[in-house]
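First comes the structure, then the notes that go with it.
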Amino acid sequence: MELEPREAFMLMDYHVVLLHVSSGGQSFIYDLDTVLPFPCPFDTYVEEAFKSDDDIHPQFRRKFRVIRADSYLKNFASDRSHMKDSSGNWREPPPPYPCIETGDSKMNLNDFISMDPEVGWGAVYTLSEFVHRFSSNY
């Protein structure tokens, strides 16, 4: 059976967006990999991009690590090793700019994409917690 476009879905291991929490009460998502408006009002983004977790097996339900921008910029490091295949060859050409590193780390990407709240920076939310925390409807 072929899925209708509104029934199709995508499964990602991680995806990075910018969440701008406005002092005026409405938050916006900046996502470079979407057909939704840019920036997109938070509530519209959640409704159109995430739908509900009700039909998803509990072990596969979405989680969100939210990290303050200043903490992200101070702590994130990637040596781009995740962009290489098992033989050490680039899957795609790397960006032309230098790798991002800090005084403490050259590679900590896994700490940023981990959904274990005891690992890394920021806070980890379930979909409902994420919506409750950042939606203007609450």
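Chain labels run A, B, ... following the order of the structure tokens; each chain numbers its residues from 1, and ligands are numbered from 1 in the order shown.
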
Close residues, A:Phe50 itself excluded, 10 Å, only C-alpha atoms, min 3 positions apart in chain, as number ranges by chain
A: 9, 44-47, 53, 62, 127

Skipping near chain neighbours, those fewer than 2 positions away, what residues fall within 8 Å of stretch 94-97 of chain A using only C-alpha atoms, listed as a ChimeraX atom specification?
/A:80,83,90,92,99

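Among the candidates A:Ile67, A:Ala77, A:Leu36, A:Ile56, the one nearest to A:Asp104 when counting only C-alpha atoms is A:Ala77.
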
As a PyMOL selection string, please: every residue in stretch 38-103 of chain A that a backbone DSSP assignment puts in alpha helix (DSSP H).
chain A and resi 42-45+69-75

Output of the above residues as a CSV table (one decimal), in the first residue's frame, restricted to N, CA, C and O atoms:
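Output file again_28.csv is given in full below:
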chain,number,residue,atom,x,y,z
A,42,PHE,N,6.5,28.3,16.5
A,42,PHE,CA,6.7,27.0,17.2
A,42,PHE,C,5.4,26.1,17.1
A,42,PHE,O,5.6,25.0,16.8
A,43,ASP,N,4.3,26.7,17.4
A,43,ASP,CA,3.0,25.8,17.4
A,43,ASP,C,2.8,25.3,16.0
A,43,ASP,O,2.3,24.1,15.9
A,44,THR,N,3.0,26.0,14.9
A,44,THR,CA,2.8,25.5,13.6
A,44,THR,C,3.8,24.4,13.3
A,44,THR,O,3.4,23.4,12.7
A,45,TYR,N,5.0,24.7,13.7
A,45,TYR,CA,6.1,23.7,13.4
A,45,TYR,C,5.8,22.3,14.1
A,45,TYR,O,5.9,21.3,13.5
A,69,ALA,N,21.9,28.6,23.7
A,69,ALA,CA,22.9,28.9,22.6
A,69,ALA,C,24.3,29.2,23.2
A,69,ALA,O,25.3,28.7,22.6
A,70,ASP,N,24.4,29.9,24.3
A,70,ASP,CA,25.7,30.2,24.9
A,70,ASP,C,26.4,28.9,25.3
A,70,ASP,O,27.6,28.8,25.1
A,71,SER,N,25.7,28.0,25.9
A,71,SER,CA,26.3,26.7,26.3
A,71,SER,C,26.7,25.9,25.1
A,71,SER,O,27.8,25.3,25.0
A,72,TYR,N,25.9,25.9,24.0
A,72,TYR,CA,26.2,25.1,22.8
A,72,TYR,C,27.5,25.7,22.2
A,72,TYR,O,28.4,24.9,21.9
A,73,LEU,N,27.5,27.0,22.0
A,73,LEU,CA,28.7,27.6,21.4
A,73,LEU,C,30.0,27.4,22.2
A,73,LEU,O,31.1,27.3,21.7
A,74,LYS,N,29.9,27.4,23.5
A,74,LYS,CA,31.0,27.2,24.4
A,74,LYS,C,31.5,25.8,24.4
A,74,LYS,O,32.7,25.5,24.6
A,75,ASN,N,30.6,24.8,24.3
A,75,ASN,CA,31.0,23.4,24.6
A,75,ASN,C,31.0,22.4,23.4
A,75,ASN,O,31.6,21.4,23.5

Residues near stretch 31-33 of chain A, anyone? I mean within 7 Å using only C-alpha atoms, not counting same-chain ones fewer than 2 positions away, as JSON, numbers by chain.
{"A": [17, 18, 29, 38]}

Let me see the file: selected residues, N, CA and C atoms, as a CSV table (one decimal), in the first residue's frame.
chain,number,residue,atom,x,y,z
A,17,VAL,N,17.8,22.1,15.0
A,17,VAL,CA,17.1,23.3,14.7
A,17,VAL,C,17.4,24.4,15.7
A,18,LEU,N,17.1,25.6,15.4
A,18,LEU,CA,17.2,26.7,16.4
A,18,LEU,C,15.9,27.0,16.9
A,29,ILE,N,10.8,28.4,15.3
A,29,ILE,CA,11.8,27.4,14.9
A,29,ILE,C,12.5,27.8,13.6
A,38,PHE,N,10.1,29.9,7.2
A,38,PHE,CA,11.4,30.2,7.9
A,38,PHE,C,11.4,31.6,8.3

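Of the listed residues A:His20, A:Ser87, A:Asp13, A:Arg65, the one whose atoms come nearest to A:Asp116 is A:Arg65, with distances taken using only C-alpha atoms.
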
Residues of chain A in strand (DSSP E), written as a count of residues only:
18

Atom pair atom CA of A:Lys84 + atom CA of A:Leu109, distance 14.1 Å
